[in-house]
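Student: This is upload.txt, which holds compact mmCIF, C-alpha atoms and all ligand atoms:
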```
# COMPACT_ATOMS: atom_id res chain seq x y z
CA MET L 1 52.26 79.18 46.49
CA SER L 2 55.80 77.95 46.59
CA LYS L 3 57.64 78.31 49.85
CA ARG L 4 60.52 80.69 50.36
CA ASP L 5 63.90 79.38 51.34
CA TYR L 6 64.18 79.42 55.14
CA TYR L 7 67.57 81.12 55.04
CA ASP L 8 66.12 83.85 52.79
CA VAL L 9 63.19 84.24 55.15
CA LEU L 10 65.50 84.93 58.08
CA GLY L 11 67.96 86.83 55.89
CA VAL L 12 70.99 84.79 56.95
CA SER L 13 73.62 82.90 54.99
CA ARG L 14 73.69 79.09 54.83
CA GLY L 15 76.71 79.13 57.09
CA ALA L 16 75.05 81.20 59.81
CA SER L 17 75.69 80.15 63.41
CA ALA L 18 72.92 79.18 65.82
CA ASP L 19 73.35 82.54 67.50
CA GLU L 20 73.05 84.48 64.22
CA ILE L 21 69.92 82.52 63.34
CA LYS L 22 68.39 83.30 66.72
CA LYS L 23 69.24 87.00 66.44
CA ALA L 24 67.79 87.20 62.92
CA TYR L 25 64.57 85.54 64.05
CA ARG L 26 64.28 87.79 67.07
CA LYS L 27 64.57 90.88 64.84
CA LEU L 28 61.82 89.66 62.50
CA ALA L 29 59.60 88.54 65.35
CA ILE L 30 59.80 92.02 66.84
CA LYS L 31 59.15 93.68 63.48
CA TYR L 32 56.12 91.56 62.62
CA HIS L 33 54.79 90.95 66.10
CA PRO L 34 50.95 91.09 66.08
CA ASP L 35 50.89 93.43 69.08
CA LYS L 36 52.82 95.93 66.98
CA ASN L 37 50.81 95.35 63.80
CA PRO L 38 47.22 94.90 64.94
CA GLY L 39 44.93 93.57 62.22
CA ASP L 40 47.75 93.45 59.63
CA LYS L 41 47.34 90.08 57.88
CA GLU L 42 50.57 90.42 55.94
CA ALA L 43 52.56 91.05 59.09
CA GLU L 44 50.93 88.00 60.65
CA GLU L 45 51.93 85.83 57.66
CA ASN L 46 55.48 87.16 57.85
CA PHE L 47 55.51 86.46 61.57
CA LYS L 48 54.40 82.87 60.99
CA GLU L 49 56.82 82.37 58.11
CA ALA L 50 59.73 83.53 60.27
CA ALA L 51 58.63 81.25 63.12
CA GLU L 52 58.46 78.27 60.79
CA ALA L 53 61.92 79.01 59.39
CA TYR L 54 63.30 79.38 62.90
CA ASP L 55 61.62 76.17 64.05
CA VAL L 56 63.60 74.30 61.39
CA LEU L 57 66.90 76.17 61.44
CA SER L 58 67.17 76.22 65.24
CA ASN L 59 66.78 72.44 65.47
CA PRO L 60 70.03 70.69 64.42
CA GLU L 61 68.23 67.59 63.18
CA LYS L 62 65.59 69.46 61.16
CA LYS L 63 68.21 71.89 59.85
CA GLN L 64 70.39 69.07 58.56
CA ARG L 65 67.44 67.48 56.78
CA TYR L 66 66.42 70.85 55.33
CA ASP L 67 69.99 71.54 54.16
CA GLN L 68 70.00 68.26 52.27
CA PHE L 69 66.47 67.92 50.95
CA GLY L 70 65.06 71.43 51.13
CA HIS L 71 61.36 71.76 51.80
CA ALA L 72 60.79 68.25 50.45
CA GLY L 73 62.87 66.92 53.34
CA MET L 74 60.56 68.39 55.91
CA GLY L 75 58.26 65.45 55.25
CA ALA L 76 54.74 65.24 56.47
CA GLY L 77 52.84 67.41 54.03
CA GLY L 78 55.76 69.79 53.67
CA GLY L 79 54.95 71.73 56.80
CA GLY L 80 53.60 75.14 55.92
CA ALA L 81 52.96 78.36 57.74
CA HIS L 82 49.34 77.23 58.06
CA GLY L 83 50.67 74.41 60.24
CA PHE L 84 51.63 76.94 62.91
CA SER L 85 49.08 78.73 64.98
CA MET L 86 49.95 81.92 66.83
CA ASP L 87 49.65 80.01 70.08
CA ASP L 88 52.23 77.48 68.92
CA ILE L 89 54.59 80.31 68.13
CA PHE L 90 54.20 81.95 71.50
CA SER L 91 54.49 78.73 73.43
CA GLN L 92 57.36 77.26 71.40
CA PHE L 93 59.55 80.28 70.94
CA GLY L 94 59.03 82.19 74.10
CA ASP L 95 62.56 81.24 75.04
CA VAL L 96 64.02 83.33 72.24
CA PHE L 97 62.92 86.40 74.10
CA GLY L 98 63.03 85.07 77.58
CA ASP L 99 66.75 85.19 78.20
CA ASP L 100 67.30 88.93 77.95
CA GLY L 101 63.83 90.29 78.26
CA VAL L 102 63.67 91.79 74.76
CA PHE L 103 60.16 90.52 74.39
CA GLY L 104 59.10 91.98 77.68
CA SER L 105 60.54 95.43 77.09
CA PHE L 106 58.97 95.74 73.66
CA PHE L 107 55.55 94.37 74.39
CA GLY L 108 54.99 94.99 78.02
CA GLY L 109 55.32 91.36 78.96
CA GLY L 110 54.05 89.24 76.09
CA GLY L 111 53.63 86.37 78.50
CA GLY L 112 50.26 87.73 79.52
CA ARG L 113 48.72 86.39 76.32
CA SER L 114 46.25 83.70 77.21
CA ARG L 115 47.10 80.20 76.18
CA ARG L 116 44.11 78.72 74.42
CA SER L 117 43.43 75.04 74.77
CA VAL L 118 45.16 72.77 72.29
CA GLY L 119 43.48 69.77 70.68
CA SER L 120 44.84 66.28 71.23
CA ASN L 121 47.21 64.50 68.86
CA ILE L 122 46.02 61.68 66.63
CA ARG L 123 48.20 58.66 65.97
CA ILE L 124 47.95 56.63 62.80
CA LYS L 125 50.12 53.96 61.21
CA ILE L 126 51.32 53.92 57.66
CA LYS L 127 52.65 50.80 55.95
CA LEU L 128 55.52 51.22 53.52
CA THR L 129 57.39 48.81 51.29
CA LEU L 130 61.19 48.83 51.31
CA PRO L 131 61.35 50.56 47.88
CA GLU L 132 59.01 53.28 49.22
CA MET L 133 61.23 53.77 52.26
CA LYS L 134 64.22 54.11 49.95
CA SER L 135 62.86 56.59 47.43
CA GLY L 136 60.33 58.41 49.58
CA VAL L 137 56.67 58.53 48.64
CA GLU L 138 53.56 60.62 48.86
CA LYS L 139 50.66 58.82 50.53
CA THR L 140 47.04 59.80 50.96
CA VAL L 141 45.59 58.81 54.30
CA LYS L 142 42.03 58.93 55.62
CA TYR L 143 41.27 59.26 59.31
CA ARG L 144 38.73 60.80 61.63
CA ARG L 145 39.33 63.86 63.73
CA MET L 146 37.34 66.16 65.97
CA VAL L 147 36.57 69.52 64.36
CA GLN L 148 34.60 72.55 65.44
CA ALA L 149 30.87 71.86 64.94
CA GLU L 150 28.81 74.48 63.11
CA GLY L 151 26.19 76.38 65.05
CA VAL L 152 27.86 76.32 68.47
CA LYS L 153 27.08 79.52 70.41
CA TYR L 154 29.47 80.77 73.05
CA ALA L 155 29.25 83.15 75.94
CA THR L 156 32.19 84.85 77.62
CA CYS L 157 33.37 83.01 80.70
CA LYS L 158 32.47 85.04 83.76
CA GLN L 159 35.16 83.47 85.92
CA CYS L 160 38.07 84.77 83.84
CA ASN L 161 36.26 87.47 81.84
CA GLY L 162 37.29 85.78 78.63
CA SER L 163 41.04 85.76 79.21
CA GLY L 164 41.11 81.99 79.71
CA ALA L 165 43.62 82.39 82.51
CA VAL L 166 43.40 83.01 86.18
CA ARG L 167 46.17 84.83 88.00
CA ARG L 168 47.41 83.49 91.23
CA VAL L 169 49.76 85.30 93.56
CA GLN L 170 51.94 83.11 95.72
CA ASN L 171 54.29 84.04 98.49
CA THR L 172 57.67 82.45 98.00
CA PHE L 173 61.05 83.04 99.58
CA LEU L 174 61.87 85.22 96.58
CA GLY L 175 58.88 87.41 97.38
CA GLN L 176 55.48 87.50 95.74
CA MET L 177 55.24 85.62 92.45
CA ALA L 178 52.28 85.76 90.09
CA THR L 179 51.48 82.81 87.88
CA ASN L 180 48.85 82.41 85.21
CA SER L 181 47.03 79.09 85.02
CA PRO L 182 44.16 77.99 82.79
CA CYS L 183 40.75 79.00 84.06
CA PRO L 184 39.09 76.00 85.76
CA VAL L 185 35.59 76.93 84.58
CA CYS L 186 36.26 77.21 80.84
CA SER L 187 39.50 75.13 80.76
CA GLY L 188 41.34 78.06 79.21
CA MET L 189 38.88 78.67 76.38
CA GLY L 190 37.81 82.04 77.75
CA LYS L 191 34.24 81.20 76.79
CA ILE L 192 31.64 78.63 77.60
CA ILE L 193 29.17 76.91 75.32
CA GLU L 194 25.75 78.51 75.50
CA SER L 195 24.02 76.27 72.97
CA LYS L 196 25.14 73.63 70.48
CA PRO L 197 23.67 71.27 67.91
CA LYS L 198 23.01 67.86 69.48
CA GLU L 199 25.58 66.06 67.28
CA ALA L 200 28.35 68.10 68.88
CA ASN L 201 30.04 66.84 72.04
CA GLU L 202 30.28 68.85 75.24
CA GLN L 203 33.30 70.69 73.84
CA GLY L 204 31.39 71.73 70.72
CA LEU L 205 33.35 69.35 68.49
CA ILE L 206 32.17 66.83 65.95
CA SER L 207 33.96 63.85 64.39
CA GLN L 208 34.82 64.23 60.72
CA GLU L 209 36.63 62.05 58.23
CA ILE L 210 39.50 63.83 56.56
CA GLU L 211 41.85 62.91 53.77
CA THR L 212 45.33 64.32 53.71
CA SER L 213 48.46 63.72 51.77
CA ILE L 214 51.71 62.91 53.56
CA ARG L 215 55.07 63.34 51.92
CA ILE L 216 57.48 60.75 53.27
CA PRO L 217 61.18 61.45 52.69
CA GLY L 218 63.47 58.71 51.37
CA GLY L 219 65.43 56.99 54.14
CA VAL L 220 62.68 56.59 56.72
CA ALA L 221 62.72 53.35 58.69
CA GLU L 222 60.25 51.23 60.56
CA GLY L 223 59.38 52.71 63.94
CA MET L 224 60.00 56.32 62.94
CA GLN L 225 57.33 58.91 63.62
CA LEU L 226 56.46 61.82 61.38
CA SER L 227 54.52 64.65 62.86
CA MET L 228 52.17 66.95 60.94
CA ASN L 229 51.41 70.18 62.73
CA GLY L 230 47.76 71.06 63.16
CA LYS L 231 46.34 67.91 61.55
CA GLY L 232 45.12 66.45 64.84
CA ASN L 233 41.94 67.15 66.80
CA TYR L 234 40.76 70.74 67.06
CA GLY L 235 41.06 72.40 70.42
CA PRO L 236 37.74 73.33 72.01
CA GLY L 237 36.45 76.84 71.36
CA GLY L 238 38.69 77.53 68.37
CA GLY L 239 41.90 76.48 70.14
CA ALA L 240 44.88 75.25 68.15
CA ALA L 241 44.61 71.78 66.62
CA GLY L 242 46.85 68.97 67.84
CA ASP L 243 49.23 67.08 65.56
CA LEU L 244 48.85 64.03 63.40
CA ILE L 245 51.56 61.55 64.39
CA VAL L 246 52.30 59.01 61.70
CA LEU L 247 54.09 55.83 62.74
CA VAL L 248 56.02 54.11 59.96
CA GLU L 249 55.55 50.34 59.64
CA GLY L 250 57.40 48.17 57.16
CA ILE L 251 55.90 45.69 54.73
CA PRO L 252 58.36 42.77 54.49
CA HIS L 253 60.03 42.26 51.12
CA GLU L 254 59.97 38.76 49.65
CA GLU L 255 63.71 38.53 49.10
CA LEU L 256 65.44 41.56 50.62
CA THR L 257 65.87 42.53 54.23
CA ARG L 258 67.03 45.79 55.78
CA GLU L 259 69.86 46.25 58.22
CA GLU L 260 70.16 49.92 59.16
CA ASN L 261 70.76 51.59 55.80
CA ASN L 262 72.03 48.45 54.06
CA VAL L 263 70.03 45.87 52.15
CA ILE L 264 70.89 42.21 52.65
CA TYR L 265 70.32 39.56 50.01
CA HIS L 266 71.21 35.87 50.31
CA LEU L 267 72.14 34.39 46.97
CA TRP L 268 72.20 30.61 46.69
CA LEU L 269 74.62 29.18 44.15
CA SER L 270 74.83 25.63 42.94
CA PHE L 271 78.13 23.87 43.56
CA SER L 272 78.98 24.12 39.86
CA GLN L 273 78.19 27.86 39.69
CA ALA L 274 80.49 28.46 42.67
CA ALA L 275 83.27 26.31 41.22
CA LEU L 276 83.05 27.51 37.60
CA GLY L 277 81.78 31.08 38.03
CA ASP L 278 78.65 32.55 36.46
CA SER L 279 76.73 35.72 35.76
CA VAL L 280 73.58 35.93 37.89
CA GLU L 281 70.63 38.35 38.23
CA VAL L 282 69.89 39.56 41.75
CA PRO L 283 66.97 41.67 42.95
CA THR L 284 67.62 45.17 44.36
CA LEU L 285 65.23 47.86 45.58
CA ASP L 286 65.40 49.44 42.12
CA GLY L 287 64.99 46.28 40.03
CA LYS L 288 67.24 43.46 38.96
CA VAL L 289 70.98 43.83 38.36
CA ARG L 290 73.40 41.30 36.93
CA ILE L 291 76.45 40.36 39.01
CA LYS L 292 79.50 38.28 38.18
CA ILE L 293 80.36 35.27 40.32
CA ASP L 294 84.08 34.42 40.17
CA ALA L 295 85.19 30.85 39.63
CA GLY L 296 86.16 29.29 42.96
CA THR L 297 83.75 31.38 45.05
CA GLN L 298 83.59 30.24 48.69
CA PRO L 299 80.34 30.14 50.68
CA GLY L 300 80.08 33.11 53.05
CA LYS L 301 81.71 35.53 50.63
CA MET L 302 79.99 38.90 50.48
CA LEU L 303 79.63 41.19 47.49
CA ARG L 304 78.86 44.85 47.94
CA LEU L 305 76.60 46.74 45.52
CA LYS L 306 77.55 50.33 46.33
CA GLY L 307 74.77 52.83 46.89
CA LYS L 308 71.99 50.28 46.45
CA GLY L 309 70.81 50.73 50.04
CA PHE L 310 68.79 53.42 51.80
CA PRO L 311 69.72 57.10 51.85
CA ASP L 312 70.57 58.37 55.32
CA LEU L 313 67.83 60.66 56.56
CA ASN L 314 70.38 63.06 57.99
CA GLY L 315 72.41 63.18 54.82
CA TYR L 316 75.26 60.84 55.82
CA GLY L 317 75.52 59.12 52.43
CA THR L 318 73.69 56.06 51.19
CA GLY L 319 73.81 52.43 52.30
CA ASP L 320 74.85 49.48 50.12
CA GLN L 321 73.32 46.16 49.17
CA LEU L 322 75.28 43.24 50.57
CA VAL L 323 74.97 40.01 48.62
CA VAL L 324 75.89 37.03 50.81
CA LEU L 325 76.92 34.05 48.71
CA ASN L 326 75.81 30.60 49.87
CA VAL L 327 76.55 27.33 48.16
CA TYR L 328 73.76 24.81 48.01
CA VAL L 329 74.69 21.22 48.77
CA PRO L 330 72.13 18.81 47.28
CA THR L 331 70.21 16.82 49.89
CA LYS L 332 69.53 13.90 47.60
CA VAL L 333 71.33 12.73 44.48
CA SER L 334 70.52 10.20 41.77
CA SER L 335 72.72 7.09 41.44
CA GLU L 336 74.28 8.56 38.29
CA GLU L 337 75.12 11.83 40.16
CA LYS L 338 76.45 9.80 43.06
CA THR L 339 78.93 8.02 40.77
CA LEU L 340 80.05 11.35 39.30
CA LEU L 341 80.47 12.96 42.72
CA GLU L 342 82.41 9.99 44.09
CA LYS L 343 84.74 10.24 41.13
CA LEU L 344 85.20 13.99 41.64
CA GLY L 345 85.74 13.44 45.35
CA GLU L 346 88.86 11.43 44.62
CA SER L 347 90.50 14.52 43.10
CA ASP L 348 92.81 16.49 45.41
CA ASN L 349 91.22 19.68 43.98
CA PHE L 350 88.08 18.84 45.94
CA LYS L 351 89.83 19.05 49.29
CA PRO L 352 91.25 22.35 50.58
CA SER L 353 95.01 22.46 51.11
CA ALA L 354 96.20 23.22 54.65
CA LYS L 355 96.92 26.81 53.60
CA GLU L 356 93.43 27.27 52.07
CA LYS L 357 91.84 25.66 55.09
CA SER L 358 93.33 28.18 57.50
CA PHE L 359 92.37 31.02 55.14
CA PHE L 360 88.75 29.82 54.91
CA ASP L 361 88.58 29.41 58.69
CA LYS L 362 89.58 33.05 59.07
CA LEU L 363 86.98 34.07 56.50
CA LYS L 364 84.29 32.38 58.57
CA ASP L 365 85.25 34.39 61.63
CA LEU L 366 84.48 37.58 59.71
CA PHE L 367 80.81 36.77 59.26
ZN ZN Q 401 37.16 81.03 82.20
```
Represent the structure contained in this file as structure tokens.
Tutor:
Amino acid sequence: MSKRDYYDVLGVSRGASADEIKKAYRKLAIKYHPDKNPGDKEAEENFKEAAEAYDVLSNPEKKQRYDQFGHAGMGAGGGGAHGFSMDDIFSQFGDVFGDDGVFGSFFGGGGGRSRRSVGSNIRIKIKLTLPEMKSGVEKTVKYRRMVQAEGVKYATCKQCNGSGAVRRVQNTFLGQMATNSPCPVCSGMGKIIESKPKEANEQGLISQEIETSIRIPGGVAEGMQLSMNGKGNYGPGGGAAGDLIVLVEGIPHEELTREENNVIYHLWLSFSQAALGDSVEVPTLDGKVRIKIDAGTQPGKMLRLKGKGFPDLNGYGTGDQLVVLNVYVPTKVSSEEKTLLEKLGESDNFKPSAKEKSFFDKLKDLF
């Protein structure tokens, strides 16, 4: 099933303000709220879809990426309503309703919903080559995670009567305040394990190898983390799963290095190539390109191959490839070469004039 455009989901224009986006989400959340549509699967899907759209469009960084790359830019498996559990929605977006009590007045205090336990996150590393970081790539990864074991039998927790929360009333200077905290007996599950197969751990979970595909957007860099909702360990007792956090590591390139969104390449020219000019092939992240070396090229000169760098993840253009020109001075010469060089050395052309010297000195300061 292809995903609907997030702006269409919320029914707002691309130019909508943060406030308009929030209002639109609030309206949909009220319309499709599960308390208002008990047992209605379609309403639940709509509710999740709206929450996912709001999660992206209310976050400036995610919104910018979505505006540029669409769903593909959301990386990590492309997100998906399935990535959001109802608990995530209530815990993440409570604030939408919190400020003016809309939520409370409609649903008699939605905050009373018990917060089921959430599984832990799993961290893995993924190694990418520079070309993969430039173009983006889809990778399949295998890892182990804790999932619900089959055959676990539960009984309702007597301490909290299955709500998973205990209510505590405290006296404060503002008067009496009631707070809900997770039940200490069942750790918020609302139920306790009555019997379980022996492979399962004390939380009723079992380790399983899973394979998942991760879509990595072009422009990622070493050290970045991508997060995939719900791909981490399951929470005990059917609680929401944690996230899979994918840390990007770089595989060094043989000839090219990265500096922010630019690519740096050091080209070594022979003395005669620099003096006479040449046409030379240089490697780039998308294969070789031919560049022209002008006659009289000085060491330290830099050529810029526009747009041959990395795309900016937030849509601020694309980096360049910088080709730094170096001139190789031979470390040993034959006697015949020595005679030739000595002869050339007598020519005034082989010494910079005072004017050139000051120009080259300035050039050096630039790099
Ligand atoms: Zn309990």
Student: Give me the residues of chain L that have any atom at most 10 Å from an atom of ligand ZN 401 (chain Q); for each, the nearest atom pair and the distance in Å, rounded to one decimal. Use all atoms listed in the file, sort by chain and number, and format it as a Markdown table.
Tutor:
```
| residue | atom | partner | partner_atom | distance |
| --- | --- | --- | --- | --- |
| L:Thr156 | CA | Q:ZN401 | ZN | 7.8 |
| L:Cys157 | CA | Q:ZN401 | ZN | 4.5 |
| L:Lys158 | CA | Q:ZN401 | ZN | 6.4 |
| L:Gln159 | CA | Q:ZN401 | ZN | 4.9 |
| L:Cys160 | CA | Q:ZN401 | ZN | 4.2 |
| L:Asn161 | CA | Q:ZN401 | ZN | 6.5 |
| L:Gly162 | CA | Q:ZN401 | ZN | 5.9 |
| L:Ser163 | CA | Q:ZN401 | ZN | 6.8 |
| L:Gly164 | CA | Q:ZN401 | ZN | 4.8 |
| L:Ala165 | CA | Q:ZN401 | ZN | 6.6 |
| L:Val166 | CA | Q:ZN401 | ZN | 7.7 |
| L:Pro182 | CA | Q:ZN401 | ZN | 7.7 |
| L:Cys183 | CA | Q:ZN401 | ZN | 4.5 |
| L:Pro184 | CA | Q:ZN401 | ZN | 6.5 |
| L:Val185 | CA | Q:ZN401 | ZN | 5.0 |
| L:Cys186 | CA | Q:ZN401 | ZN | 4.2 |
| L:Ser187 | CA | Q:ZN401 | ZN | 6.5 |
| L:Gly188 | CA | Q:ZN401 | ZN | 5.9 |
| L:Met189 | CA | Q:ZN401 | ZN | 6.5 |
| L:Gly190 | CA | Q:ZN401 | ZN | 4.6 |
| L:Lys191 | CA | Q:ZN401 | ZN | 6.2 |
| L:Ile192 | CA | Q:ZN401 | ZN | 7.6 |
```
Student: Could you name the residues that touch range 332-343 of chain L at 12 Å or less, counting only C-alpha atoms, but leaving out those on the same chain fewer than 6 positions away, as number ranges by chain?
Tutor: L: 271-272, 349-350
Student: Residues within 8 Å of Ser227 in chain L, please, as a PDB file with C-alpha atoms, in the coordinates of the input. Count all atoms listed in the file; anything in the same chain fewer than 3 positions from it doesn't count.
Tutor:
```
ATOM      1  CA  ALA L  76      54.740  65.240  56.470  1.00  0.00           C
ATOM      2  CA  ASP L 243      49.230  67.080  65.560  1.00  0.00           C
ATOM      3  CA  LEU L 244      48.850  64.030  63.400  1.00  0.00           C
ATOM      4  CA  ILE L 245      51.560  61.550  64.390  1.00  0.00           C
ATOM      5  CA  VAL L 246      52.300  59.010  61.700  1.00  0.00           C
TER       6      VAL L 246
END
```
Student: Residues near range 11-13 of chain L, anyone? I mean within 10 Å using only C-alpha atoms, not counting same-chain ones fewer than 2 positions away, as a PyMOL selection string.
Tutor: chain L and resi 5-9+15-17+20-21+23-25+28+50
Student: Taking only C-alpha atoms into account, which of L:Asp67, L:Glu132, L:Glu356, L:Glu61 comes nearest Val248 in chain L?
Tutor: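 The closest residue to Val248 in chain L is L:Glu132.
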Student: Quick one: pull the distance between CA of Thr179 in chain L and CA of Ala240 in chain L, Å, one decimal.
Tutor: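 Distance reported for this atom pair: 22.1 Å.
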Student: Can you pull out every residue within 10 Å of Arg4 in chain L, counting only C-alpha atoms, but drop anything in the same chain fewer than 6 positions away, and send it as a CSV table (one decimal) with C-alpha atoms, keeping the file's coordinate frame?
Tutor:
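Contents of part-v8.csv, as written:
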```
chain,number,residue,atom,x,y,z
L,49,GLU,CA,56.8,82.4,58.1
L,53,ALA,CA,61.9,79.0,59.4
L,71,HIS,CA,61.4,71.8,51.8
```
Student: Which of these, L:Lys63, L:His266, L:Arg145, L:Lys357, has the shortest distance to Lys231 in chain L once you count only C-alpha atoms?
Tutor: L:Arg145
Student: With a distance cut-off of 12 Å and all atoms listed in the file, select the neighbouring residues of Lys308 in chain L, excluding the residue or stretch itself and same-chain residues fewer than 6 positions from it, and output the selection as a PyMOL selection string.
Tutor: chain L and resi 130-131+134-135+256+258+261-265+282-289+317-323
Student: Distance CA of Lys62 in chain L-CA of Asn37 in chain L, one decimal place?
Tutor: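 Separating CA of Lys62 in chain L from CA of Asn37 in chain L is a distance of 29.9 Å.
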Student: Range 228-252 of chain L from the block above, N, CA and C atoms, as a tab-separated table (two decimals), in the first residue's frame, please?
Tutor:
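What follows is the written file selection-v9.tsv:
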```
chain	number	residue	atom	x	y	z
L	228	MET	N	14.46	3.51	13.76
L	228	MET	CA	13.30	2.83	13.17
L	228	MET	C	12.34	2.48	14.29
L	229	ASN	N	11.18	3.12	14.25
L	229	ASN	CA	10.18	2.90	15.29
L	229	ASN	C	9.74	1.45	15.37
L	230	GLY	N	9.69	0.92	16.58
L	230	GLY	CA	9.07	-0.39	16.78
L	230	GLY	C	9.88	-1.57	16.30
L	231	LYS	N	11.16	-1.36	15.94
L	231	LYS	CA	11.98	-2.48	15.47
L	231	LYS	C	12.93	-2.96	16.56
L	232	GLY	N	12.76	-2.44	17.77
L	232	GLY	CA	13.60	-2.86	18.89
L	232	GLY	C	12.96	-4.02	19.65
L	233	ASN	N	13.36	-4.21	20.88
L	233	ASN	CA	12.84	-5.29	21.70
L	233	ASN	C	11.37	-5.04	22.04
L	234	TYR	N	10.60	-6.13	22.08
L	234	TYR	CA	9.20	-6.01	22.49
L	234	TYR	C	9.13	-5.62	23.95
L	235	GLY	N	8.09	-4.91	24.31
L	235	GLY	CA	7.83	-4.64	25.72
L	235	GLY	C	7.21	-5.88	26.31
L	236	PRO	N	7.41	-6.12	27.61
L	236	PRO	CA	6.79	-7.29	28.23
L	236	PRO	C	5.26	-7.20	28.22
L	237	GLY	N	4.63	-8.33	28.10
L	237	GLY	CA	3.17	-8.37	28.18
L	237	GLY	C	2.46	-7.65	27.06
L	238	GLY	N	3.04	-7.66	25.86
L	238	GLY	CA	2.40	-7.01	24.72
L	238	GLY	C	2.57	-5.50	24.70
L	239	GLY	N	3.54	-4.98	25.46
L	239	GLY	CA	3.82	-3.54	25.43
L	239	GLY	C	4.46	-3.15	24.11
L	240	ALA	N	4.53	-1.86	23.87
L	240	ALA	CA	5.09	-1.37	22.61
L	240	ALA	C	6.56	-1.78	22.49
L	241	ALA	N	7.00	-2.03	21.25
L	241	ALA	CA	8.40	-2.37	21.03
L	241	ALA	C	9.25	-1.10	21.04
L	242	GLY	N	10.51	-1.26	21.45
L	242	GLY	CA	11.46	-0.14	21.40
L	242	GLY	C	11.87	0.12	19.96
L	243	ASP	N	12.88	0.97	19.79
L	243	ASP	CA	13.32	1.32	18.44
L	243	ASP	C	14.62	0.59	18.08
L	244	LEU	N	14.85	0.53	16.79
L	244	LEU	CA	16.16	0.08	16.31
L	244	LEU	C	16.94	1.35	15.95
L	245	ILE	N	18.08	1.54	16.61
L	245	ILE	CA	18.90	2.72	16.35
L	245	ILE	C	20.10	2.28	15.52
L	246	VAL	N	20.21	2.86	14.35
L	246	VAL	CA	21.27	2.44	13.43
L	246	VAL	C	22.33	3.54	13.34
L	247	LEU	N	23.54	3.19	13.75
L	247	LEU	CA	24.63	4.15	13.72
L	247	LEU	C	25.40	4.00	12.41
L	248	VAL	N	25.58	5.10	11.72
L	248	VAL	CA	26.27	5.06	10.42
L	248	VAL	C	27.79	5.14	10.62
L	249	GLU	N	28.48	4.15	10.04
L	249	GLU	CA	29.95	4.18	10.04
L	249	GLU	C	30.42	4.23	8.60
L	250	GLY	N	31.55	4.91	8.38
L	250	GLY	CA	32.05	5.05	7.02
L	250	GLY	C	33.12	4.02	6.70
L	251	ILE	N	33.11	3.55	5.45
L	251	ILE	CA	34.22	2.72	4.98
L	251	ILE	C	35.13	3.66	4.19
L	252	PRO	N	36.41	3.78	4.58
L	252	PRO	CA	37.28	4.74	3.89
L	252	PRO	C	37.40	4.42	2.40
```
